[in-house]
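**Q** Next up, coords.cif (mmCIF, C-alpha atoms).
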data_upload
loop_
_atom_site.label_atom_id
_atom_site.label_comp_id
_atom_site.auth_asym_id
_atom_site.auth_seq_id
_atom_site.Cartn_x
_atom_site.Cartn_y
_atom_site.Cartn_z
CA MET A 1 14.71 -8.03 -12.45
CA LYS A 2 15.15 -8.14 -8.70
CA ILE A 3 12.50 -5.98 -7.12
CA LEU A 4 11.63 -4.81 -3.62
CA VAL A 5 8.00 -3.98 -2.80
CA THR A 6 7.21 -2.36 0.55
CA GLY A 7 3.66 -2.70 1.79
CA ALA A 8 3.51 -5.90 -0.24
CA ALA A 9 0.45 -7.42 1.43
CA GLY A 10 -1.70 -4.31 1.20
CA PHE A 11 -4.45 -3.57 -1.28
CA ILE A 12 -2.27 -2.13 -4.05
CA GLY A 13 0.96 -3.89 -3.01
CA SER A 14 -0.48 -7.38 -3.35
CA HIS A 15 -1.81 -6.66 -6.84
CA LEU A 16 1.56 -5.20 -7.82
CA CYS A 17 3.47 -8.24 -6.51
CA GLU A 18 1.21 -10.56 -8.51
CA ARG A 19 1.81 -8.58 -11.69
CA LEU A 20 5.59 -8.45 -11.19
CA LEU A 21 5.72 -12.20 -10.57
CA GLN A 22 3.61 -12.81 -13.68
CA ASP A 23 6.12 -10.72 -15.61
CA GLY A 24 8.89 -13.07 -14.46
CA HIS A 25 10.62 -10.92 -11.87
CA ASP A 26 12.12 -11.90 -8.52
CA VAL A 27 10.17 -10.06 -5.86
CA THR A 28 11.02 -9.48 -2.21
CA GLY A 29 8.02 -8.14 -0.33
CA VAL A 30 8.00 -6.53 3.07
CA ASP A 31 4.95 -5.92 5.20
CA CYS A 32 4.46 -5.38 8.90
CA PHE A 33 0.80 -6.45 8.93
CA THR A 34 -0.26 -3.51 11.10
CA ASP A 35 -3.68 -3.75 12.69
CA TYR A 36 -5.08 -0.59 11.01
CA TYR A 37 -7.38 -3.22 9.50
CA PRO A 38 -7.46 -6.95 10.25
CA PRO A 39 -4.10 -8.55 9.34
CA SER A 40 -6.02 -11.64 8.22
CA ILE A 41 -7.22 -9.63 5.22
CA LYS A 42 -3.63 -8.84 4.22
CA ARG A 43 -2.66 -12.47 4.63
CA ALA A 44 -5.44 -13.43 2.23
CA ASN A 45 -4.26 -10.71 -0.18
CA ILE A 46 -0.75 -12.11 -0.45
CA ASP A 47 -1.65 -15.80 -0.32
CA GLY A 48 -1.32 -16.34 -4.08
CA CYS A 49 2.13 -14.75 -4.22
CA LEU A 50 3.39 -16.93 -1.39
CA ARG A 51 2.96 -19.97 -3.60
CA GLN A 52 5.35 -18.53 -6.17
CA PRO A 53 9.01 -19.62 -5.93
CA ARG A 54 10.26 -16.19 -7.04
CA PHE A 55 8.59 -14.45 -4.13
CA ALA A 56 9.95 -13.94 -0.62
CA LEU A 57 8.05 -12.10 2.08
CA ILE A 58 9.48 -10.64 5.26
CA GLU A 59 7.05 -9.80 8.02
CA THR A 60 8.63 -6.88 9.77
CA ASP A 61 8.55 -3.20 10.53
CA LEU A 62 10.87 -1.60 7.98
CA ASN A 63 12.36 0.44 10.78
CA THR A 64 13.95 -2.74 12.07
CA VAL A 65 15.57 -4.35 9.04
CA ASN A 66 18.93 -3.52 7.56
CA LEU A 67 17.61 -1.33 4.77
CA THR A 68 20.93 -0.98 2.96
CA GLU A 69 21.22 -4.75 2.67
CA LEU A 70 17.55 -5.04 1.76
CA VAL A 71 17.88 -2.63 -1.16
CA ALA A 72 21.33 -3.84 -2.28
CA GLY A 73 21.22 -5.90 -5.46
CA LYS A 74 17.71 -4.73 -6.35
CA GLU A 75 16.99 -2.97 -9.61
CA LEU A 76 13.61 -1.55 -8.70
CA VAL A 77 11.99 -0.42 -5.48
CA PHE A 78 8.25 0.21 -5.19
CA HIS A 79 7.69 2.03 -1.92
CA LEU A 80 4.02 1.48 -1.08
CA ALA A 81 4.28 1.01 2.67
CA ALA A 82 2.44 3.81 4.40
CA GLN A 83 0.06 4.60 7.17
CA ALA A 84 -3.18 5.09 5.28
CA GLY A 85 -6.28 7.00 6.24
CA VAL A 86 -7.10 10.69 5.96
CA ARG A 87 -9.56 10.95 8.82
CA ALA A 88 -7.43 9.02 11.31
CA SER A 89 -4.42 11.27 10.80
CA TRP A 90 -5.48 14.01 13.22
CA GLY A 91 -4.49 14.14 16.87
CA ARG A 92 -1.90 12.02 18.63
CA ASP A 93 -1.92 9.38 15.93
CA PHE A 94 -0.13 11.77 13.61
CA GLN A 95 3.08 10.42 15.10
CA ILE A 96 2.37 7.10 13.36
CA TYR A 97 2.04 9.01 10.09
CA THR A 98 5.29 10.90 10.54
CA GLU A 99 7.19 7.75 11.45
CA THR A 100 5.77 5.61 8.66
CA ASN A 101 5.21 8.05 5.83
CA ILE A 102 8.08 10.47 6.37
CA LEU A 103 10.89 9.01 8.50
CA LEU A 104 10.72 5.57 6.94
CA THR A 105 10.64 7.01 3.43
CA GLN A 106 13.75 9.05 4.20
CA ARG A 107 15.57 5.99 5.57
CA LEU A 108 14.66 3.92 2.54
CA LEU A 109 15.84 6.68 0.19
CA GLU A 110 19.09 6.92 2.13
CA ALA A 111 19.57 3.16 1.80
CA ALA A 112 18.91 3.45 -1.94
CA ILE A 113 21.87 5.78 -2.56
CA PRO A 114 24.53 3.07 -2.88
CA ALA A 115 22.19 0.60 -4.61
CA ARG A 116 22.26 2.23 -8.07
CA LEU A 117 18.62 1.39 -8.76
CA ASN A 118 16.94 1.65 -12.14
CA LYS A 119 13.97 3.31 -10.45
CA PHE A 120 12.49 4.07 -7.06
CA ILE A 121 8.71 4.41 -7.34
CA TYR A 122 7.09 6.37 -4.53
CA ALA A 123 3.35 5.87 -4.04
CA SER A 124 1.96 9.33 -3.46
CA SER A 125 -1.63 10.44 -3.25
CA SER A 126 -4.17 12.90 -4.61
CA SER A 127 -4.43 14.12 -1.03
CA VAL A 128 -1.30 16.23 -1.58
CA TYR A 129 -3.44 18.71 -3.55
CA GLY A 130 -5.99 19.86 -1.00
CA ASP A 131 -8.87 22.14 -1.95
CA ALA A 132 -7.06 25.17 -3.26
CA VAL A 133 -6.45 24.01 -6.78
CA GLN A 134 -8.23 24.10 -10.10
CA ILE A 135 -10.11 21.03 -11.32
CA PRO A 136 -8.79 18.92 -12.97
CA MET A 137 -5.62 18.88 -10.91
CA THR A 138 -2.38 19.20 -12.80
CA GLU A 139 0.94 18.05 -11.41
CA ASP A 140 2.31 21.60 -11.30
CA ALA A 141 -0.51 23.01 -9.15
CA VAL A 142 0.27 24.62 -5.81
CA LEU A 143 -0.04 21.90 -3.19
CA ARG A 144 -1.93 22.68 0.01
CA PRO A 145 -3.06 19.43 1.66
CA VAL A 146 -6.10 19.63 3.92
CA SER A 147 -5.24 16.61 6.07
CA PRO A 148 -2.21 15.62 8.13
CA TYR A 149 -2.10 12.46 6.02
CA GLY A 150 -1.76 14.60 2.89
CA VAL A 151 1.02 16.58 4.55
CA SER A 152 2.89 13.37 5.34
CA LYS A 153 2.57 12.04 1.77
CA LEU A 154 3.69 15.38 0.36
CA ALA A 155 6.72 15.34 2.64
CA GLY A 156 7.59 11.91 1.26
CA GLU A 157 7.26 13.25 -2.27
CA HIS A 158 9.58 16.16 -1.48
CA LEU A 159 12.11 13.75 0.01
CA ALA A 160 11.95 11.59 -3.10
CA ALA A 161 12.66 14.64 -5.27
CA LEU A 162 15.53 15.74 -3.01
CA TYR A 163 17.20 12.36 -3.13
CA TRP A 164 17.07 12.44 -6.92
CA ARG A 165 18.51 15.94 -7.17
CA ASN A 166 21.19 15.50 -4.54
CA PHE A 167 22.13 11.83 -4.66
CA GLY A 168 20.87 10.54 -7.99
CA VAL A 169 18.31 8.12 -6.55
CA PRO A 170 16.03 7.78 -9.60
CA THR A 171 12.72 8.50 -7.89
CA VAL A 172 9.33 8.84 -9.53
CA SER A 173 6.25 9.88 -7.55
CA LEU A 174 2.83 8.63 -8.60
CA ARG A 175 -0.19 10.45 -7.18
CA PHE A 176 -2.90 7.81 -6.95
CA PHE A 177 -6.50 9.06 -7.03
CA THR A 178 -8.93 7.07 -4.84
CA VAL A 179 -8.00 3.54 -5.83
CA TYR A 180 -10.69 0.86 -5.69
CA GLY A 181 -11.28 -2.71 -6.80
CA PRO A 182 -10.86 -6.20 -5.36
CA ARG A 183 -9.04 -6.16 -1.97
CA GLN A 184 -9.89 -2.52 -1.33
CA ARG A 185 -9.23 -1.59 2.31
CA PRO A 186 -12.21 -1.97 4.63
CA ASP A 187 -12.05 1.69 5.69
CA MET A 188 -12.59 2.91 2.13
CA ALA A 189 -15.99 4.05 0.91
CA PHE A 190 -16.86 1.42 -1.71
CA HIS A 191 -15.83 -1.42 0.56
CA LYS A 192 -17.91 0.00 3.39
CA PHE A 193 -20.92 0.55 1.14
CA LEU A 194 -20.86 -2.91 -0.39
CA ARG A 195 -20.39 -4.67 2.93
CA ALA A 196 -23.20 -2.67 4.49
CA ILE A 197 -25.46 -3.83 1.66
CA LEU A 198 -24.49 -7.46 2.23
CA ALA A 199 -25.19 -7.08 5.94
CA GLY A 200 -28.53 -5.38 5.26
CA ARG A 201 -27.44 -2.18 6.95
CA GLN A 202 -27.58 1.51 6.15
CA LEU A 203 -24.74 2.93 4.07
CA PRO A 204 -22.61 5.47 5.91
CA LEU A 205 -22.17 8.52 3.67
CA PHE A 206 -19.85 11.36 4.60
CA GLY A 207 -20.81 14.80 3.31
CA ASP A 208 -23.83 15.69 1.20
CA GLY A 209 -23.24 13.25 -1.67
CA GLN A 210 -22.33 16.06 -4.05
CA GLN A 211 -18.57 15.79 -3.36
CA THR A 212 -16.76 14.34 -6.35
CA ARG A 213 -13.95 11.85 -6.73
CA ASP A 214 -11.81 10.53 -9.54
CA PHE A 215 -11.88 6.80 -8.88
CA THR A 216 -9.09 4.63 -10.25
CA PHE A 217 -9.35 0.89 -10.73
CA VAL A 218 -6.49 -0.97 -9.12
CA SER A 219 -5.21 -2.75 -12.23
CA ASP A 220 -4.97 0.59 -14.03
CA VAL A 221 -2.81 1.82 -11.14
CA ILE A 222 -0.62 -1.28 -11.47
CA ASP A 223 -0.18 -0.70 -15.22
CA ALA A 224 0.88 2.87 -14.49
CA ALA A 225 3.33 1.85 -11.79
CA VAL A 226 4.94 -0.81 -13.97
CA ASN A 227 5.22 1.56 -16.93
CA ALA A 228 6.66 4.27 -14.70
CA SER A 229 9.28 1.87 -13.39
CA LEU A 230 10.39 1.16 -16.94
CA ILE A 231 10.19 4.47 -18.77
CA ALA A 232 9.52 7.44 -16.47
CA ALA A 233 12.18 10.11 -16.19
CA PRO A 234 13.77 10.22 -12.72
CA GLY A 235 12.57 13.13 -10.64
CA SER A 236 9.15 13.21 -12.31
CA VAL A 237 5.66 13.24 -10.80
CA PHE A 238 2.49 11.84 -12.36
CA ASN A 239 -1.22 11.91 -11.61
CA ILE A 240 -2.72 8.45 -11.86
CA GLY A 241 -6.49 8.85 -12.00
CA GLY A 242 -9.35 6.95 -13.52
CA GLY A 243 -10.19 9.68 -15.99
CA HIS A 244 -13.77 10.15 -14.76
CA ARG A 245 -15.01 12.42 -12.00
CA VAL A 246 -18.31 11.49 -10.42
CA THR A 247 -20.37 12.53 -7.40
CA MET A 248 -20.81 10.16 -4.52
CA GLN A 249 -24.53 10.32 -5.28
CA HIS A 250 -23.80 8.88 -8.73
CA VAL A 251 -21.71 6.14 -7.11
CA LEU A 252 -24.68 5.18 -4.95
CA GLU A 253 -26.90 4.96 -8.03
CA LEU A 254 -24.35 2.70 -9.74
CA ILE A 255 -24.12 0.49 -6.66
CA GLU A 256 -27.87 0.18 -6.58
CA ARG A 257 -27.82 -0.96 -10.21
CA ILE A 258 -24.93 -3.42 -9.77
CA THR A 259 -26.15 -5.03 -6.57
CA GLY A 260 -29.84 -4.90 -7.43
CA LYS A 261 -30.55 -3.74 -3.89
CA GLN A 262 -32.37 -0.65 -2.75
CA LEU A 263 -29.98 1.39 -0.64
CA ARG A 264 -30.64 2.97 2.73
CA VAL A 265 -28.19 5.83 3.28
CA ARG A 266 -27.18 7.29 6.63
CA ALA A 267 -25.70 10.81 6.50
CA ASP A 268 -22.57 10.91 8.67
CA GLY A 269 -21.73 14.59 8.11
CA GLU A 270 -18.67 16.34 6.78
CA GLN A 271 -15.29 14.94 7.83
CA LYS A 272 -12.32 17.11 8.65
CA GLY A 273 -9.53 16.45 6.18
CA ASP A 274 -11.77 15.27 3.35
CA MET A 275 -11.28 17.12 0.08
CA ARG A 276 -14.43 18.41 -1.60
CA HIS A 277 -13.43 17.39 -5.12
CA THR A 278 -10.67 15.40 -6.76
CA ALA A 279 -10.09 15.02 -10.47
CA ALA A 280 -6.82 14.12 -12.12
CA ASP A 281 -5.48 15.65 -15.27
CA ILE A 282 -3.83 12.48 -16.60
CA SER A 283 -2.43 13.96 -19.78
CA ARG A 284 1.17 13.81 -18.54
CA ALA A 285 0.86 10.11 -17.66
CA ARG A 286 -0.91 9.46 -20.96
CA ASP A 287 1.77 11.23 -22.99
CA LEU A 288 4.87 10.02 -21.15
CA LEU A 289 3.88 6.66 -19.69
CA GLY A 290 1.35 5.51 -22.28
CA TYR A 291 -1.18 5.42 -19.45
CA ALA A 292 -4.75 4.71 -20.53
CA PRO A 293 -7.25 3.62 -17.85
CA LYS A 294 -9.12 0.57 -19.08
CA PHE A 295 -11.88 0.24 -16.50
CA ASP A 296 -14.88 2.50 -16.13
CA LEU A 297 -16.49 2.83 -12.75
CA GLU A 298 -19.38 0.47 -13.40
CA GLN A 299 -17.07 -2.34 -14.57
CA GLY A 300 -14.69 -1.80 -11.68
CA LEU A 301 -17.42 -1.64 -9.07
CA ALA A 302 -18.93 -4.86 -10.40
CA LEU A 303 -15.54 -6.57 -10.00
CA GLU A 304 -15.18 -5.27 -6.45
CA TRP A 305 -18.72 -6.43 -5.65
CA ASN A 306 -17.93 -9.95 -6.97
CA TRP A 307 -14.70 -10.11 -4.98
CA LEU A 308 -16.35 -8.94 -1.77
CA GLN A 309 -19.08 -11.56 -1.96
CA GLN A 310 -16.53 -14.30 -2.63
CA ALA A 311 -14.17 -13.11 0.11
CA ILE A 312 -16.93 -13.07 2.69
CA SER A 313 -18.26 -16.50 1.73
CA ALA A 314 -14.69 -17.90 1.78
CA GLY A 315 -14.12 -16.45 5.26
CA ALA A 316 -11.30 -14.16 4.09
CA LEU A 317 -13.15 -11.14 5.44
CA PRO A 318 -14.36 -11.10 9.03
CA PRO A 319 -18.06 -10.47 9.59
CA LEU A 320 -19.19 -6.87 9.81
CA THR A 321 -19.38 -5.77 13.45
CA MET B 1 8.00 -23.10 0.36
CA ALA B 2 11.17 -23.19 2.44
CA PHE B 3 12.76 -20.18 4.07
CA ASN B 4 14.95 -18.25 1.67
CA LYS B 5 18.31 -18.24 3.48
CA GLN B 6 19.52 -15.22 1.53
CA LEU B 7 17.13 -13.16 3.63
CA MET B 8 19.47 -13.68 6.60
CA ASP B 9 21.74 -11.10 4.97
CA VAL B 10 19.12 -8.38 5.28
CA LEU B 11 17.56 -9.21 8.61
CA ALA B 12 18.59 -7.76 11.93
CA CYS B 13 17.07 -8.18 15.34
CA PRO B 14 14.22 -5.64 15.54
CA LYS B 15 15.05 -5.06 19.21
CA CYS B 16 18.84 -4.63 19.32
CA LYS B 17 19.55 -4.41 15.55
CA GLY B 18 22.17 -7.07 16.15
CA GLU B 19 23.17 -10.30 14.46
CA LEU B 20 20.72 -13.14 14.02
CA HIS B 21 21.21 -16.85 13.68
CA LEU B 22 19.11 -19.35 11.76
CA ALA B 23 18.07 -22.35 13.84
CA ASP B 24 19.43 -25.63 12.51
CA ASP B 25 15.95 -26.91 11.80
CA GLU B 26 15.18 -23.64 9.96
CA SER B 27 12.03 -23.17 11.99
CA SER B 28 13.10 -19.92 13.60
CA ILE B 29 15.61 -17.09 13.73
CA ILE B 30 17.39 -16.40 16.97
CA CYS B 31 18.86 -13.32 18.60
CA LYS B 32 21.24 -14.58 21.24
CA ALA B 33 21.79 -11.10 22.69
CA CYS B 34 18.08 -10.48 23.33
CA LYS B 35 17.37 -14.16 23.95
CA LEU B 36 14.46 -14.03 21.53
CA VAL B 37 13.25 -16.55 18.96
CA TYR B 38 11.53 -15.18 15.86
CA PRO B 39 9.32 -17.81 14.22
CA ILE B 40 9.48 -18.70 10.54
CA ARG B 41 5.93 -19.19 9.41
CA GLU B 42 4.22 -21.11 6.65
CA TYR B 43 5.72 -20.44 3.23
CA GLY B 44 9.02 -19.51 4.91
CA ILE B 45 7.92 -16.08 6.11
CA PRO B 46 10.20 -14.79 8.87
CA CYS B 47 8.13 -12.95 11.46
CA MET B 48 10.41 -10.22 12.77
CA ILE B 49 7.95 -8.65 15.19
CA ILE B 50 9.20 -8.25 18.77
CA GLU B 51 5.76 -8.81 20.30
CA GLN B 52 5.44 -12.13 18.51
CA ALA B 53 8.90 -13.44 19.37
CA LEU B 54 9.28 -16.20 21.94
CA PRO B 55 11.81 -16.25 24.79
CA LEU B 56 14.95 -18.27 24.06
CA GLU B 57 14.73 -20.96 26.67
CA ASN B 58 17.60 -23.18 25.66
CA GLU B 59 20.88 -21.27 25.55
CA GLU B 60 22.40 -24.13 23.63
CA HIS B 61 19.79 -23.85 20.87
CA GLN B 62 21.36 -25.22 17.74
CA THR B 63 22.01 -22.41 15.29
CA ARG B 64 24.09 -21.72 12.24
#
Represent the structure contained in this file as structure tokens.
**A**
Amino acid sequence: MKILVTGAAGFIGSHLCERLLQDGHDVTGVDCFTDYYPPSIKRANIDGCLRQPRFALIETDLNTVNLTELVAGKELVFHLAAQAGVRASWGRDFQIYTETNILLTQRLLEAAIPARLNKFIYASSSSVYGDAVQIPMTEDAVLRPVSPYGVSKLAGEHLAALYWRNFGVPTVSLRFFTVYGPRQRPDMAFHKFLRAILAGRQLPLFGDGQQTRDFTFVSDVIDAAVNASLIAAPGSVFNIGGGHRVTMQHVLELIERITGKQLRVRADGEQKGDMRHTAADISRARDLLGYAPKFDLEQGLALEWNWLQQAISAGALPPLT
Amino acid sequence: MAFNKQLMDVLACPKCKGELHLADDESSIICKACKLVYPIREYGIPCMIIEQALPLENEEHQTR
């Protein structure tokens, strides 16, 4: 199939492109290499794909390409491009979130109308839930995000649903729950923890350590996205979680075991916009997508730890400053 | 890997949204209206970022 992946050089996007190329598809990737984190990291992420003849990458801001032409002739679109980061979404920077996560999504959906796609996969987030829901979170819960980032991702989800109902763009929204693994973004907790250990520094911990998360290993997310692109009903929404909810304190204990290092933790206080707990009810994805997470947290963390050490020794990650 | 010429169909100048031309040597993409040259990088990646474009110095730059 001919496939478009936005955000192709990012953490999840680069893994997805690799999988789609392995499956024999023609993939056009787009990425603007924003400096939210060092672009050199994204270049390293996508390096393997660039050696594949069935892959083409365009370095650009999606607001500047001819989206109708870009989508034309494609059978699948995976829309992963987004401005990430919960804590950075307050204040004046919210404009970046509205432009990237809302306006761009609407323009891409508009461009998808004439393309007659098989599927348009929208990468949503557990942050659409907020704190006002029961645990585990089910897809039909009332959504009250607690961060501007969550608001922007929810707006994108609503747009995806509208373009299915009104124009027949076959959208599917996947709510990813705290994705981790090799190539995880440097602003995310595990990456920060593991790098701090390598640099012999204290680990920055937000909150009291008793907040819980449902961590999802990146290749499980990729399996879910690929399955959704093939068999999900248009207009549907799925939680994609790891299936285990753990406290951050438990994560620290696992990290201590995996790295063999004694940790020194620095409490950085509560952060506005952070949810207290996340836990996905994945029964819908299990029943309708055949989704079954394969990696438990200890396995996944060990793989991220191996990657991080290799990436630093190979110079793919800049030194911790 | 060489530049995939089919991408010319989907690219527009990020500044004026206008037509682009591929340089004859396929090393860059040119917007004659904005007088900007967008480099094509290793592996044939077109870099369509205004801040990274170079000024078009030779008006007679060979393009297709």
**Q** For a cutoff of 12 Å around the file-coordinate point (12.9, -5.4, -9.0), which residues qualify once you count only C-alpha atoms? I'd like the result as a ChimeraX atom specification.
**A** /A:1-6,16-17,19-21,23-29,54-55,70-79,115,117-121,226,229-230
**Q** Taking all atoms listed in the file into account, find every residue of chain B that has an atom no more than 9 Å from chain A, and write it out as a PDB file with C-alpha atoms, in the frame of the given file.
**A**
ATOM      1  CA  MET B   1       8.000 -23.100   0.360  1.00  0.00           C
ATOM      2  CA  PHE B   3      12.760 -20.180   4.070  1.00  0.00           C
ATOM      3  CA  ASN B   4      14.950 -18.250   1.670  1.00  0.00           C
ATOM      4  CA  LEU B   7      17.130 -13.160   3.630  1.00  0.00           C
ATOM      5  CA  ASP B   9      21.740 -11.100   4.970  1.00  0.00           C
ATOM      6  CA  VAL B  10      19.120  -8.380   5.280  1.00  0.00           C
ATOM      7  CA  LEU B  11      17.560  -9.210   8.610  1.00  0.00           C
ATOM      8  CA  ALA B  12      18.590  -7.760  11.930  1.00  0.00           C
ATOM      9  CA  CYS B  13      17.070  -8.180  15.340  1.00  0.00           C
ATOM     10  CA  PRO B  14      14.220  -5.640  15.540  1.00  0.00           C
ATOM     11  CA  LYS B  15      15.050  -5.060  19.210  1.00  0.00           C
ATOM     12  CA  CYS B  16      18.840  -4.630  19.320  1.00  0.00           C
ATOM     13  CA  LYS B  17      19.550  -4.410  15.550  1.00  0.00           C
ATOM     14  CA  TYR B  43       5.720 -20.440   3.230  1.00  0.00           C
ATOM     15  CA  GLY B  44       9.020 -19.510   4.910  1.00  0.00           C
ATOM     16  CA  ILE B  45       7.920 -16.080   6.110  1.00  0.00           C
ATOM     17  CA  PRO B  46      10.200 -14.790   8.870  1.00  0.00           C
ATOM     18  CA  CYS B  47       8.130 -12.950  11.460  1.00  0.00           C
ATOM     19  CA  MET B  48      10.410 -10.220  12.770  1.00  0.00           C
ATOM     20  CA  ILE B  49       7.950  -8.650  15.190  1.00  0.00           C
TER      21      ILE B  49
END
**Q** Evaluate the PyMOL selection byres ((chain B and resi 30) around 12) here and jot the selected residues down as a ChimeraX atom specification.
**A** /B:8,11-15,18-29,31-40,46-48,50,53-64
**Q** Nearest to A:Ile46 among A:Ser152, A:Gln22, A:Ser14, A:Gln299, with distances taken over all atoms listed in the file: which residue is it?
**A**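 Using all atoms listed in the file, the shortest distance to A:Ile46 belongs to A:Ser14.
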**Q** Would you mind reading off the distance between atom CA of A:Arg276 and atom CA of A:Asp131, one decimal, in Å?
**A** 6.7 Å
**Q** Taking the file as shown, what set of residues would the PyMOL selection byres ((chain A and resi 154-160) around 8) give back, as a PyMOL selection string?
**A** chain A and resi 101-102+105-106+109+122+124+128+145+150-153+161-164+171-173+235
**Q** Using only C-alpha atoms, can you list as a ChimeraX atom specification the residues within 12 Å of (1.4, 12.0, -14.4)?
**A** /A:124-126,137-140,172-177,221,224-225,227-228,232-233,235-243,280-292
**Q** Could you tell me which of A:Gln95, A:Gly130, A:Ile258, A:Pro182 comes closest to A:Asn45 if we count all atoms listed in the file?
**A**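 Using all atoms listed in the file, the shortest distance to A:Asn45 belongs to A:Pro182.
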**Q** One decimal, Å: what's the distance from atom CA of A:Glu99 over to atom CA of A:Arg87, could you say?
**A**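 Value for the atom CA of A:Glu99-atom CA of A:Arg87 distance: 17.3 Å.
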**Q** Please measure the separation of atom CA of A:Leu297 and atom CA of A:Arg264, giving the value in Å to one decimal.
**A**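 Between atom CA of A:Leu297 and atom CA of A:Arg264 the gap is 21.0 Å.
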**Q** Exactly which residues make up the result of the PyMOL selection byres ((chain A and resi 246) around 9) on this file, given as an MDAnalysis selection string?
**A** chainID A and resid 210:215 244:245 247:251 279
**Q** Generate a file of the selected residues that holds C-alpha atoms, formatted as an mmCIF file, in the coordinates of the input.
**A**
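Contents of part-v5.cif, freshly written:
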data_model
loop_
_atom_site.group_PDB
_atom_site.id
_atom_site.type_symbol
_atom_site.label_atom_id
_atom_site.label_comp_id
_atom_site.auth_asym_id
_atom_site.auth_seq_id
_atom_site.Cartn_x
_atom_site.Cartn_y
_atom_site.Cartn_z
ATOM 1 C CA GLN A 210 -22.330 16.060 -4.050
ATOM 2 C CA GLN A 211 -18.570 15.790 -3.360
ATOM 3 C CA THR A 212 -16.760 14.340 -6.350
ATOM 4 C CA ARG A 213 -13.950 11.850 -6.730
ATOM 5 C CA ASP A 214 -11.810 10.530 -9.540
ATOM 6 C CA PHE A 215 -11.880 6.800 -8.880
ATOM 7 C CA HIS A 244 -13.770 10.150 -14.760
ATOM 8 C CA ARG A 245 -15.010 12.420 -12.000
ATOM 9 C CA THR A 247 -20.370 12.530 -7.400
ATOM 10 C CA MET A 248 -20.810 10.160 -4.520
ATOM 11 C CA GLN A 249 -24.530 10.320 -5.280
ATOM 12 C CA HIS A 250 -23.800 8.880 -8.730
ATOM 13 C CA VAL A 251 -21.710 6.140 -7.110
ATOM 14 C CA ALA A 279 -10.090 15.020 -10.470
#
**Q** Edge lengths and centre in Å to one decimal, as lines of an AutoDock Vina configuration file, of the axis-aligned box that encloses all listed atoms of stretch 205-217 of chain A with 8 Å added on every side?
**A**
center_x = -16.5
center_y = 8.5
center_z = -3.1
size_x = 30.7
size_y = 31.2
size_z = 31.3
